[in-house]
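Undergrad: If you scroll down you'll find the structure; I have some questions about it.
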Amino acid sequence: MIPVVNQRACIGCGACERICPEVFRLINNKSNVMDSDACDTCECEKVLEECKPRAITLYDDF
Ligand code: SF4
C-alpha cells in the first residue's frame with residue numbers, strides 16, 4: 001500500500017508515527033510519509049482507525 005497524508009487535515013496528534021515510525025514522521029507538527037515501501041510492515045488498519053481527522057489514505061500499490 002502507498003500511504004498519503006492530507007497535510008491540511010493532519011492535526012499533528014502523532015498517532016501514526018507512534019504506531020508506524022517506519023513510515024510516518026512528524027515534521028513541524030504535520031505527518032510526512034518517509035518510506036512508503038515500509039508500509040507493508042505497518043498496521044494499516046490501526047493507523048487509519050487512530051487518525052481521527054482521517055487524514056491518511058492508503059492506495060493500492062500496483
Ligand atoms: S494520525 Fe492523522 S492527524 Fe495524527 S499525526 Fe498522523 S496523519 Fe496527522
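Going by the C-alpha cells order, chains are called A, B, ..., each with residues numbered from 1, while ligands are numbered from 1 in the order shown.
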List as JSON lines every residue of chain A that is in contact with ligand 1, defined as an atom at most 9 Å from one of its atoms (using only C-alpha atoms and all ligand atoms), together with the nearest atom pair and the distance in Å rounded to one decimal, sorted by chain and then rising number.
TA:
{"residue": "A:Val4", "atom": "CA", "partner": "ligand 1", "partner_atom_place_in_ligand_line": "7 (S)", "distance": 8.8}
{"residue": "A:Val5", "atom": "CA", "partner": "ligand 1", "partner_atom_place_in_ligand_line": "7 (S)", "distance": 5.7}
{"residue": "A:Asn6", "atom": "CA", "partner": "ligand 1", "partner_atom_place_in_ligand_line": "7 (S)", "distance": 7.2}
{"residue": "A:Gln7", "atom": "CA", "partner": "ligand 1", "partner_atom_place_in_ligand_line": "8 (Fe)", "distance": 7.3}
{"residue": "A:Ala9", "atom": "CA", "partner": "ligand 1", "partner_atom_place_in_ligand_line": "3 (S)", "distance": 6.9}
{"residue": "A:Cys10", "atom": "CA", "partner": "ligand 1", "partner_atom_place_in_ligand_line": "8 (Fe)", "distance": 3.7}
{"residue": "A:Ile11", "atom": "CA", "partner": "ligand 1", "partner_atom_place_in_ligand_line": "3 (S)", "distance": 4.3}
{"residue": "A:Gly12", "atom": "CA", "partner": "ligand 1", "partner_atom_place_in_ligand_line": "5 (S)", "distance": 3.8}
{"residue": "A:Cys13", "atom": "CA", "partner": "ligand 1", "partner_atom_place_in_ligand_line": "4 (Fe)", "distance": 3.9}
{"residue": "A:Gly14", "atom": "CA", "partner": "ligand 1", "partner_atom_place_in_ligand_line": "5 (S)", "distance": 3.9}
{"residue": "A:Ala15", "atom": "CA", "partner": "ligand 1", "partner_atom_place_in_ligand_line": "1 (S)", "distance": 4.3}
{"residue": "A:Cys16", "atom": "CA", "partner": "ligand 1", "partner_atom_place_in_ligand_line": "6 (Fe)", "distance": 4.2}
{"residue": "A:Glu17", "atom": "CA", "partner": "ligand 1", "partner_atom_place_in_ligand_line": "6 (Fe)", "distance": 6.4}
{"residue": "A:Arg18", "atom": "CA", "partner": "ligand 1", "partner_atom_place_in_ligand_line": "1 (S)", "distance": 8.7}
{"residue": "A:Ile19", "atom": "CA", "partner": "ligand 1", "partner_atom_place_in_ligand_line": "1 (S)", "distance": 8.9}
{"residue": "A:Phe24", "atom": "CA", "partner": "ligand 1", "partner_atom_place_in_ligand_line": "6 (Fe)", "distance": 7.3}
{"residue": "A:Arg25", "atom": "CA", "partner": "ligand 1", "partner_atom_place_in_ligand_line": "5 (S)", "distance": 8.2}
{"residue": "A:Leu26", "atom": "CA", "partner": "ligand 1", "partner_atom_place_in_ligand_line": "5 (S)", "distance": 6.6}
{"residue": "A:Asn29", "atom": "CA", "partner": "ligand 1", "partner_atom_place_in_ligand_line": "5 (S)", "distance": 7.3}
{"residue": "A:Lys30", "atom": "CA", "partner": "ligand 1", "partner_atom_place_in_ligand_line": "8 (Fe)", "distance": 5.9}
{"residue": "A:Ser31", "atom": "CA", "partner": "ligand 1", "partner_atom_place_in_ligand_line": "5 (S)", "distance": 4.9}
{"residue": "A:Asn32", "atom": "CA", "partner": "ligand 1", "partner_atom_place_in_ligand_line": "7 (S)", "distance": 7.7}
{"residue": "A:Val47", "atom": "CA", "partner": "ligand 1", "partner_atom_place_in_ligand_line": "1 (S)", "distance": 6.6}
{"residue": "A:Leu48", "atom": "CA", "partner": "ligand 1", "partner_atom_place_in_ligand_line": "1 (S)", "distance": 7.5}
{"residue": "A:Glu49", "atom": "CA", "partner": "ligand 1", "partner_atom_place_in_ligand_line": "1 (S)", "distance": 8.6}
{"residue": "A:Glu50", "atom": "CA", "partner": "ligand 1", "partner_atom_place_in_ligand_line": "1 (S)", "distance": 6.0}
{"residue": "A:Cys51", "atom": "CA", "partner": "ligand 1", "partner_atom_place_in_ligand_line": "1 (S)", "distance": 3.8}
{"residue": "A:Lys52", "atom": "CA", "partner": "ligand 1", "partner_atom_place_in_ligand_line": "3 (S)", "distance": 6.3}
{"residue": "A:Pro53", "atom": "CA", "partner": "ligand 1", "partner_atom_place_in_ligand_line": "3 (S)", "distance": 5.7}
{"residue": "A:Arg54", "atom": "CA", "partner": "ligand 1", "partner_atom_place_in_ligand_line": "2 (Fe)", "distance": 6.2}
{"residue": "A:Ala55", "atom": "CA", "partner": "ligand 1", "partner_atom_place_in_ligand_line": "2 (Fe)", "distance": 5.0}
{"residue": "A:Ile56", "atom": "CA", "partner": "ligand 1", "partner_atom_place_in_ligand_line": "7 (S)", "distance": 5.6}
Undergrad: So which bits of chain A end up alpha helix (DSSP H) when you DSSP the backbone, as JSON, numbers by chain?
TA: {"A": [15, 16, 17, 18, 19, 44, 45, 46, 47, 48, 49, 50]}
Undergrad: Fewer than 4 positions away in the same chain doesn't count, so skip those; otherwise give me all residues within 10 Å of Cys39 of chain A, counting only C-alpha atoms, as a PyMOL selection string.
TA: chain A and resi 1-3+20+22-24+33-35+43-44+58
Undergrad: Please give the complete set of residues from segment 2-53 of chain A that DSSP, run on the backbone, assigns to strand (DSSP E), formatted as a PDB file with N, CA, C and O atoms, in the first residue's frame.
TA:
ATOM      1  N   ILE A   2       0.334   2.306  -0.585  1.00  0.00           N
ATOM      2  CA  ILE A   2       1.032   3.592  -0.593  1.00  0.00           C
ATOM      3  C   ILE A   2       0.223   4.557   0.273  1.00  0.00           C
ATOM      4  O   ILE A   2      -0.897   4.924  -0.074  1.00  0.00           O
ATOM      5  N   PRO A   3       0.774   4.963   1.412  1.00  0.00           N
ATOM      6  CA  PRO A   3       0.040   5.907   2.256  1.00  0.00           C
ATOM      7  C   PRO A   3       0.303   7.351   1.828  1.00  0.00           C
ATOM      8  O   PRO A   3       1.422   7.712   1.464  1.00  0.00           O
ATOM      9  N   VAL A   4      -0.739   8.138   1.863  1.00  0.00           N
ATOM     10  CA  VAL A   4      -0.629   9.565   1.549  1.00  0.00           C
ATOM     11  C   VAL A   4      -1.296  10.341   2.675  1.00  0.00           C
ATOM     12  O   VAL A   4      -2.400   9.980   3.116  1.00  0.00           O
ATOM     13  N   VAL A   5      -0.625  11.382   3.159  1.00  0.00           N
ATOM     14  CA  VAL A   5      -1.176  12.213   4.226  1.00  0.00           C
ATOM     15  C   VAL A   5      -1.703  13.516   3.636  1.00  0.00           C
ATOM     16  O   VAL A   5      -0.995  14.204   2.906  1.00  0.00           O
ATOM     17  N   PHE A  24       5.788   6.876   9.009  1.00  0.00           N
ATOM     18  CA  PHE A  24       5.354   8.257   9.271  1.00  0.00           C
ATOM     19  C   PHE A  24       6.306   8.988  10.208  1.00  0.00           C
ATOM     20  O   PHE A  24       6.800   8.409  11.175  1.00  0.00           O
ATOM     21  N   ARG A  25       6.536  10.258   9.927  1.00  0.00           N
ATOM     22  CA  ARG A  25       7.322  11.090  10.837  1.00  0.00           C
ATOM     23  C   ARG A  25       6.720  12.493  10.893  1.00  0.00           C
ATOM     24  O   ARG A  25       6.408  13.078   9.850  1.00  0.00           O
ATOM     25  N   LEU A  26       6.588  13.001  12.114  1.00  0.00           N
ATOM     26  CA  LEU A  26       6.075  14.360  12.273  1.00  0.00           C
ATOM     27  C   LEU A  26       7.182  15.371  12.046  1.00  0.00           C
ATOM     28  O   LEU A  26       8.249  15.285  12.645  1.00  0.00           O
ATOM     29  N   ILE A  27       6.928  16.312  11.174  1.00  0.00           N
ATOM     30  CA  ILE A  27       7.845  17.428  10.928  1.00  0.00           C
ATOM     31  C   ILE A  27       7.010  18.696  11.000  1.00  0.00           C
ATOM     32  O   ILE A  27       5.994  18.807  10.286  1.00  0.00           O
ATOM     33  N   LYS A  30       3.267  18.161  11.441  1.00  0.00           N
ATOM     34  CA  LYS A  30       2.487  17.533  10.375  1.00  0.00           C
ATOM     35  C   LYS A  30       3.139  16.206  10.018  1.00  0.00           C
ATOM     36  O   LYS A  30       4.374  16.098   9.976  1.00  0.00           O
ATOM     37  N   SER A  31       2.310  15.221   9.761  1.00  0.00           N
ATOM     38  CA  SER A  31       2.835  13.901   9.430  1.00  0.00           C
ATOM     39  C   SER A  31       3.320  13.849   7.986  1.00  0.00           C
ATOM     40  O   SER A  31       2.687  14.397   7.081  1.00  0.00           O
ATOM     41  N   ASN A  32       4.457  13.193   7.811  1.00  0.00           N
ATOM     42  CA  ASN A  32       5.024  13.004   6.480  1.00  0.00           C
ATOM     43  C   ASN A  32       5.300  11.529   6.249  1.00  0.00           C
ATOM     44  O   ASN A  32       5.700  10.819   7.177  1.00  0.00           O
ATOM     45  N   VAL A  33       5.106  11.083   5.041  1.00  0.00           N
ATOM     46  CA  VAL A  33       5.423   9.707   4.679  1.00  0.00           C
ATOM     47  C   VAL A  33       6.900   9.654   4.307  1.00  0.00           C
ATOM     48  O   VAL A  33       7.319  10.226   3.308  1.00  0.00           O
TER      49      VAL A  33
END
